[in-house]
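coords_32.txt, holding compact mmCIF, C-alpha atoms:
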```txt
# COMPACT_ATOMS: atom_id res chain seq x y z
CA MET U 1 47.82 -12.96 -19.83
CA ASN U 2 46.17 -13.11 -23.27
CA GLU U 3 42.90 -14.24 -21.70
CA GLU U 4 42.91 -11.18 -19.43
CA LEU U 5 43.66 -8.84 -22.34
CA LEU U 6 40.85 -10.38 -24.39
CA ALA U 7 38.49 -10.02 -21.42
CA GLU U 8 39.41 -6.31 -21.13
CA VAL U 9 38.73 -5.68 -24.82
CA ASN U 10 35.39 -7.55 -24.69
CA LEU U 11 34.40 -5.65 -21.57
CA GLU U 12 35.20 -2.26 -23.13
CA ASP U 13 33.24 -3.22 -26.26
CA ASN U 14 30.21 -4.30 -24.22
CA ILE U 15 30.29 -1.08 -22.21
CA ARG U 16 30.48 1.06 -25.37
CA LYS U 17 27.66 -0.95 -26.94
CA HIS U 18 25.24 -0.78 -23.98
CA PHE U 19 26.14 2.46 -22.12
CA LEU U 20 27.05 6.08 -22.89
CA ALA U 21 30.28 5.73 -20.91
CA ASP U 22 33.62 5.67 -22.72
CA ILE U 23 35.64 3.69 -20.20
CA ASP U 24 39.19 2.40 -20.56
CA VAL U 25 39.87 -0.63 -18.36
CA ASP U 26 43.19 -0.35 -16.52
CA ALA U 27 43.07 -3.39 -14.23
CA LEU U 28 40.66 -6.29 -13.78
CA ILE U 29 40.09 -6.87 -10.06
CA ALA U 30 37.62 -9.77 -10.33
CA LEU U 31 36.76 -11.37 -13.67
CA ARG U 32 33.32 -13.00 -14.12
CA ILE U 33 32.77 -13.96 -10.51
CA PRO U 34 29.39 -15.59 -9.83
CA VAL U 35 26.90 -13.34 -8.03
CA GLY U 36 23.89 -15.56 -8.65
CA ARG U 37 23.08 -18.87 -10.26
CA THR U 38 23.15 -17.37 -13.78
CA THR U 39 24.63 -13.94 -13.01
CA TYR U 40 28.26 -12.85 -13.24
CA ALA U 41 30.10 -9.69 -12.27
CA THR U 42 33.36 -8.19 -13.41
CA VAL U 43 34.94 -5.60 -11.14
CA PHE U 44 37.58 -3.34 -12.67
CA LEU U 45 39.54 -0.12 -12.26
CA THR U 46 39.68 2.51 -15.00
CA ARG U 47 42.68 4.60 -15.98
CA ARG U 48 41.19 7.40 -13.84
CA LYS U 49 41.24 4.97 -10.85
CA GLN U 50 37.47 4.68 -10.66
CA LEU U 51 36.06 1.30 -9.64
CA TYR U 52 33.18 -0.18 -11.66
CA ALA U 53 31.16 -3.38 -11.53
CA TYR U 54 29.73 -4.78 -14.76
CA ILE U 55 26.96 -7.30 -14.08
CA SER U 56 25.31 -9.49 -16.70
CA SER U 57 22.90 -12.38 -16.49
CA GLN U 58 21.07 -14.91 -18.61
CA SER U 59 17.87 -14.08 -16.74
CA ALA U 60 16.04 -10.77 -16.36
CA LEU U 61 17.33 -8.34 -13.72
CA THR U 62 15.89 -5.12 -12.34
CA LEU U 63 17.53 -2.15 -10.66
CA ALA U 64 16.41 -3.59 -7.30
CA ASP U 65 18.19 -6.87 -8.09
CA ILE U 66 21.39 -5.02 -8.99
CA ARG U 67 21.23 -2.98 -5.78
CA LYS U 68 20.88 -6.17 -3.75
CA ILE U 69 23.75 -7.85 -5.61
CA ILE U 70 26.07 -4.88 -5.09
CA SER U 71 25.23 -4.81 -1.39
CA ARG U 72 25.80 -8.53 -0.96
CA MET U 73 29.12 -8.26 -2.78
CA GLY U 74 30.24 -5.95 0.05
CA MET U 75 30.33 -2.78 -2.05
CA LYS U 76 28.59 0.58 -1.89
CA ALA U 77 27.37 2.10 -5.15
CA ASP U 78 27.84 5.73 -6.11
CA ALA U 79 25.90 5.64 -9.39
CA TYR U 80 23.96 3.25 -11.59
CA LEU U 81 24.70 4.14 -15.21
CA PRO U 82 21.61 4.11 -17.48
CA PRO U 83 21.48 2.32 -20.84
CA LYS U 84 22.83 4.00 -23.95
CA SER U 85 21.01 7.08 -25.30
CA ARG U 86 18.54 7.15 -22.36
CA PRO U 87 20.02 9.34 -19.60
CA ASP U 88 16.65 9.52 -17.77
CA TYR U 89 15.93 5.80 -18.18
CA PHE U 90 15.16 4.98 -14.52
CA GLN U 91 12.98 8.10 -14.17
CA GLU U 92 11.05 7.26 -17.36
CA VAL U 93 10.41 3.65 -16.39
CA GLY U 94 9.48 4.63 -12.83
CA THR U 95 6.98 7.20 -14.06
CA ALA U 96 5.46 4.74 -16.54
CA LYS U 97 5.10 2.01 -13.89
CA PHE U 98 3.62 4.53 -11.43
CA LYS U 99 1.03 5.65 -13.99
CA GLU U 100 0.27 2.02 -14.84
CA THR U 101 -0.45 1.35 -11.17
CA PHE U 102 -2.27 4.64 -10.47
CA PRO U 103 -3.77 5.74 -13.82
CA GLY U 104 -5.64 8.79 -12.51
CA ARG U 105 -2.85 10.18 -10.37
CA SER U 106 0.07 12.34 -11.44
CA VAL U 107 3.59 12.31 -10.06
CA THR U 108 4.01 15.24 -7.66
CA ASN U 109 7.49 14.56 -6.27
CA PRO U 110 10.39 12.13 -6.76
CA GLN U 111 9.37 10.11 -3.70
CA ASP U 112 6.20 9.03 -5.53
CA ILE U 113 8.22 6.96 -7.99
CA ALA U 114 11.17 5.93 -5.79
CA PHE U 115 9.93 2.36 -5.53
CA TYR U 116 8.80 2.14 -9.16
CA ARG U 117 12.27 3.16 -10.39
CA THR U 118 13.66 -0.03 -8.86
CA LEU U 119 11.39 -2.09 -11.13
CA ALA U 120 13.23 -0.93 -14.27
CA PRO U 121 14.79 -3.77 -16.28
CA TYR U 122 18.58 -3.48 -15.97
CA ASN U 123 20.62 -6.17 -17.70
CA PRO U 124 23.53 -5.70 -18.28
CA ALA U 125 24.30 -3.25 -15.48
CA LEU U 126 27.21 -0.87 -14.98
CA VAL U 127 27.70 0.48 -11.47
CA LEU U 128 30.19 3.10 -10.27
CA ILE U 129 31.45 1.86 -6.91
CA GLY U 130 32.17 4.28 -4.08
CA GLU U 131 33.54 1.93 -1.43
CA VAL U 132 34.71 -1.62 -0.79
CA GLU U 133 35.64 -2.26 2.84
CA HIS U 134 36.23 -5.93 3.55
CA GLY U 135 36.74 -7.46 0.11
CA ILE U 136 34.59 -8.53 -2.81
CA TYR U 137 32.17 -11.35 -2.08
CA GLN U 138 30.85 -13.89 -4.58
CA PHE U 139 27.90 -16.25 -4.68
CA ASP U 140 28.49 -19.73 -3.28
CA ALA U 141 25.50 -22.07 -3.09
CA ASP U 142 27.32 -24.40 -0.68
CA SER U 143 27.99 -21.84 2.08
CA THR U 144 25.44 -21.13 4.81
CA SER U 145 24.99 -17.48 3.84
CA SER U 146 25.29 -18.24 0.07
CA TRP U 147 28.18 -15.74 -0.11
CA ARG U 148 31.92 -16.08 0.48
CA LEU U 149 34.96 -13.86 0.10
CA GLY U 150 36.06 -13.99 -3.52
CA LYS U 151 38.83 -11.39 -3.58
CA LYS U 152 40.60 -9.43 -0.87
CA PHE U 153 40.37 -5.82 -1.95
CA SER U 154 39.64 -2.44 -0.41
CA TYR U 155 38.75 0.82 -2.12
CA ARG U 156 37.32 4.19 -1.23
CA ARG U 157 36.52 6.83 -3.81
CA VAL U 158 37.70 10.29 -2.80
CA GLN U 159 35.38 13.03 -3.99
CA THR U 160 37.14 15.94 -5.67
CA SER U 161 35.72 19.16 -6.96
```

Before anything else, please render the file you have as structure tokens.
Amino acid sequence: MNEELLAEVNLEDNIRKHFLADIDVDALIALRIPVGRTTYATVFLTRRKQLYAYISSQSALTLADIRKIISRMGMKADAYLPPKSRPDYFQEVGTAKFKETFPGRSVTNPQDIAFYRTLAPYNPALVLIGEVEHGIYQFDADSTSSWRLGKKFSYRRVQTS
């Protein structure tokens, strides 16, 4: 029990340090499950019953990597929270990478930088989860698909006005 309480406090501190979100952890669903060879995810519920995934790694990750990890974990993301004090982080990085690739061209619509946004460095990552249907999957190098069921859990976020 003390280990779980310590994990909650460390998680809340890391979230406050890296993101603008002030999140209170209510329940840990999956603590530091492997989602890659050097990447771990913690899935938790807040007091407002919102489900989040906190992903950290020893190696560099991009937004595209996080999207792929969330998908392979069997979850659907609602929002990817940007790093602290940079609410337009993904837009800024996408625009910069677009201009680096096409120096003479300007961005005319959001579709121009849709791909370049996914190249933004994103480690650690905090993702608001919208749905979990068949459980939370974790990385397993020994299985044929490299993924196995880690925790039976289902969740669907109900949108309210």

message = Would you pick out the contacts of Ile129 (chain U) at 8 Å or less, using all atoms listed in the file, so that residues sharing its chain but fewer than 3 positions from it are not included, and give the list as a PyMOL selection string?
response = chain U and resi 50-53+75-79+132+157

Set out as a tab-separated table a contact list for region 31-120 of chain U and region 17-24 of chain U with a cut-off of 9 Å, giving each residue of region 31-120 of chain U that qualifies its closest atom pair and distance in Å to one decimal, counting only C-alpha atoms, ordered by chain and rising residue number.
```
residue	atom	partner	partner_atom	distance
U:Leu45	CA	U:Asp24	CA	8.7
U:Thr46	CA	U:Asp24	CA	5.6
U:Arg47	CA	U:Asp24	CA	6.2
U:Arg48	CA	U:Asp24	CA	8.6
U:Leu81	CA	U:Phe19	CA	7.3
U:Pro82	CA	U:Phe19	CA	6.7
U:Pro83	CA	U:Phe19	CA	4.8
U:Lys84	CA	U:Phe19	CA	4.1
U:Ser85	CA	U:Leu20	CA	6.6
U:Arg86	CA	U:Leu20	CA	8.6
U:Pro87	CA	U:Leu20	CA	8.4
```

query = Which residue out of U:Asn123, U:Thr160, U:Ser106, U:Ser154 has the minimum interatomic distance to Tyr54 (chain U) when all atoms listed in the file are used?
reply = U:Asn123

Contacts of Ala96 (chain U) at 12 Å (all atoms listed in the file; same-chain gap of 3+ positions) as a PDB file with C-alpha atoms, in the frame of the given file:
```
ATOM      1  CA  TYR U  89      15.930   5.800 -18.180  1.00  0.00           C
ATOM      2  CA  PHE U  90      15.160   4.980 -14.520  1.00  0.00           C
ATOM      3  CA  GLN U  91      12.980   8.100 -14.170  1.00  0.00           C
ATOM      4  CA  GLU U  92      11.050   7.260 -17.360  1.00  0.00           C
ATOM      5  CA  VAL U  93      10.410   3.650 -16.390  1.00  0.00           C
ATOM      6  CA  LYS U  99       1.030   5.650 -13.990  1.00  0.00           C
ATOM      7  CA  GLU U 100       0.270   2.020 -14.840  1.00  0.00           C
ATOM      8  CA  THR U 101      -0.450   1.350 -11.170  1.00  0.00           C
ATOM      9  CA  PHE U 102      -2.270   4.640 -10.470  1.00  0.00           C
ATOM     10  CA  PRO U 103      -3.770   5.740 -13.820  1.00  0.00           C
ATOM     11  CA  ARG U 105      -2.850  10.180 -10.370  1.00  0.00           C
ATOM     12  CA  SER U 106       0.070  12.340 -11.440  1.00  0.00           C
ATOM     13  CA  VAL U 107       3.590  12.310 -10.060  1.00  0.00           C
ATOM     14  CA  ASP U 112       6.200   9.030  -5.530  1.00  0.00           C
ATOM     15  CA  ILE U 113       8.220   6.960  -7.990  1.00  0.00           C
ATOM     16  CA  TYR U 116       8.800   2.140  -9.160  1.00  0.00           C
ATOM     17  CA  ARG U 117      12.270   3.160 -10.390  1.00  0.00           C
ATOM     18  CA  LEU U 119      11.390  -2.090 -11.130  1.00  0.00           C
ATOM     19  CA  ALA U 120      13.230  -0.930 -14.270  1.00  0.00           C
TER      20      ALA U 120
END
```

request  = Choose the residue, out of U:Leu128, U:Ala114, U:Leu63, U:Ala141, that has the smallest atom-to-atom separation from Val35 (chain U); count only C-alpha atoms.
outcome  = U:Ala141

Serialized region 60-106 of chain U w/ N, CA and C atoms as a short mmCIF file (atom, residue, chain, number, x, y, z; two decimals), in the first residue's frame:
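Contents of part-v2.cif, as written:
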```cif
data_model
loop_
_atom_site.label_atom_id
_atom_site.label_comp_id
_atom_site.auth_asym_id
_atom_site.auth_seq_id
_atom_site.Cartn_x
_atom_site.Cartn_y
_atom_site.Cartn_z
N ALA U 60 14.38 8.82 -26.74
CA ALA U 60 13.57 9.91 -27.28
C ALA U 60 12.28 9.37 -27.88
N LEU U 61 11.18 10.09 -27.64
CA LEU U 61 9.88 9.75 -28.21
C LEU U 61 9.31 10.97 -28.91
N THR U 62 8.49 10.73 -29.92
CA THR U 62 7.78 11.80 -30.61
C THR U 62 6.28 11.61 -30.41
N LEU U 63 5.51 12.59 -30.84
CA LEU U 63 4.06 12.48 -30.75
C LEU U 63 3.56 11.27 -31.55
N ALA U 64 4.18 10.98 -32.68
CA ALA U 64 3.80 9.81 -33.48
C ALA U 64 4.04 8.52 -32.70
N ASP U 65 5.15 8.44 -31.98
CA ASP U 65 5.43 7.26 -31.15
C ASP U 65 4.38 7.08 -30.07
N ILE U 66 4.00 8.18 -29.42
CA ILE U 66 3.00 8.12 -28.35
C ILE U 66 1.65 7.69 -28.92
N ARG U 67 1.29 8.21 -30.08
CA ARG U 67 0.03 7.80 -30.71
C ARG U 67 0.01 6.30 -30.97
N LYS U 68 1.12 5.78 -31.48
CA LYS U 68 1.22 4.36 -31.78
C LYS U 68 1.15 3.53 -30.49
N ILE U 69 1.82 3.98 -29.45
CA ILE U 69 1.79 3.27 -28.17
C ILE U 69 0.39 3.23 -27.60
N ILE U 70 -0.30 4.36 -27.61
CA ILE U 70 -1.66 4.42 -27.08
C ILE U 70 -2.57 3.48 -27.86
N SER U 71 -2.43 3.46 -29.16
CA SER U 71 -3.25 2.57 -29.99
C SER U 71 -2.96 1.11 -29.69
N ARG U 72 -1.70 0.76 -29.57
CA ARG U 72 -1.34 -0.63 -29.30
C ARG U 72 -1.72 -1.06 -27.88
N MET U 73 -1.86 -0.12 -26.99
CA MET U 73 -2.31 -0.44 -25.63
C MET U 73 -3.81 -0.72 -25.59
N GLY U 74 -4.50 -0.49 -26.71
CA GLY U 74 -5.93 -0.75 -26.78
C GLY U 74 -6.77 0.42 -26.29
N MET U 75 -6.22 1.62 -26.36
CA MET U 75 -6.93 2.81 -25.88
C MET U 75 -7.10 3.81 -27.01
N LYS U 76 -8.08 4.69 -26.85
CA LYS U 76 -8.30 5.77 -27.80
C LYS U 76 -8.08 7.08 -27.06
N ALA U 77 -7.25 7.94 -27.62
CA ALA U 77 -6.90 9.21 -26.98
C ALA U 77 -7.91 10.29 -27.31
N ASP U 78 -8.20 11.12 -26.32
CA ASP U 78 -9.02 12.32 -26.53
C ASP U 78 -8.14 13.54 -26.73
N ALA U 79 -7.04 13.64 -25.95
CA ALA U 79 -6.17 14.80 -26.04
C ALA U 79 -4.75 14.43 -25.61
N TYR U 80 -3.79 15.08 -26.26
CA TYR U 80 -2.39 14.95 -25.89
C TYR U 80 -2.00 16.27 -25.25
N LEU U 81 -1.72 16.26 -23.96
CA LEU U 81 -1.43 17.49 -23.24
C LEU U 81 -0.02 17.97 -23.55
N PRO U 82 0.13 19.26 -23.92
CA PRO U 82 1.45 19.80 -24.28
C PRO U 82 2.30 20.04 -23.04
N PRO U 83 3.62 20.18 -23.23
CA PRO U 83 4.50 20.48 -22.10
C PRO U 83 4.15 21.81 -21.43
N LYS U 84 4.63 21.96 -20.22
CA LYS U 84 4.35 23.12 -19.38
C LYS U 84 4.70 24.43 -20.08
N SER U 85 3.86 25.41 -19.92
CA SER U 85 4.02 26.78 -20.41
C SER U 85 4.13 26.89 -21.94
N ARG U 86 3.70 25.86 -22.66
CA ARG U 86 3.70 25.91 -24.13
C ARG U 86 2.41 25.31 -24.67
N PRO U 87 1.28 26.02 -24.53
CA PRO U 87 0.00 25.44 -24.95
C PRO U 87 -0.10 25.14 -26.44
N ASP U 88 0.69 25.83 -27.28
CA ASP U 88 0.69 25.59 -28.73
C ASP U 88 1.94 24.84 -29.17
N TYR U 89 2.47 24.00 -28.30
CA TYR U 89 3.73 23.31 -28.53
C TYR U 89 3.73 22.51 -29.84
N PHE U 90 2.73 21.67 -30.05
CA PHE U 90 2.71 20.81 -31.24
C PHE U 90 2.58 21.65 -32.51
N GLN U 91 1.80 22.72 -32.45
CA GLN U 91 1.63 23.63 -33.59
C GLN U 91 2.96 24.33 -33.90
N GLU U 92 3.65 24.80 -32.86
CA GLU U 92 4.92 25.50 -33.05
C GLU U 92 5.98 24.59 -33.68
N VAL U 93 6.10 23.39 -33.13
CA VAL U 93 7.11 22.46 -33.64
C VAL U 93 6.76 22.03 -35.06
N GLY U 94 5.47 21.78 -35.32
CA GLY U 94 5.05 21.40 -36.67
C GLY U 94 5.34 22.48 -37.69
N THR U 95 5.07 23.72 -37.33
CA THR U 95 5.35 24.84 -38.23
C THR U 95 6.85 24.98 -38.48
N ALA U 96 7.64 24.85 -37.43
CA ALA U 96 9.10 24.96 -37.58
C ALA U 96 9.66 23.84 -38.46
N LYS U 97 9.18 22.63 -38.27
CA LYS U 97 9.66 21.50 -39.09
C LYS U 97 9.20 21.65 -40.54
N PHE U 98 7.99 22.17 -40.75
CA PHE U 98 7.48 22.41 -42.10
C PHE U 98 8.35 23.43 -42.81
N LYS U 99 8.67 24.53 -42.11
CA LYS U 99 9.49 25.58 -42.73
C LYS U 99 10.92 25.12 -42.95
N GLU U 100 11.40 24.21 -42.11
CA GLU U 100 12.73 23.63 -42.30
C GLU U 100 12.77 22.77 -43.56
N THR U 101 11.66 22.08 -43.83
CA THR U 101 11.58 21.22 -45.00
C THR U 101 11.30 22.02 -46.26
N PHE U 102 10.39 23.01 -46.16
CA PHE U 102 10.01 23.85 -47.30
C PHE U 102 10.29 25.31 -46.95
N PRO U 103 11.52 25.76 -47.07
CA PRO U 103 11.88 27.11 -46.59
C PRO U 103 11.16 28.25 -47.30
N GLY U 104 10.80 28.12 -48.55
CA GLY U 104 10.17 29.21 -49.27
C GLY U 104 8.66 29.21 -49.21
N ARG U 105 8.08 28.23 -48.57
CA ARG U 105 6.64 28.08 -48.58
C ARG U 105 6.06 28.43 -47.21
N SER U 106 4.88 29.03 -47.21
CA SER U 106 4.23 29.36 -45.93
C SER U 106 3.09 28.39 -45.67
#
```
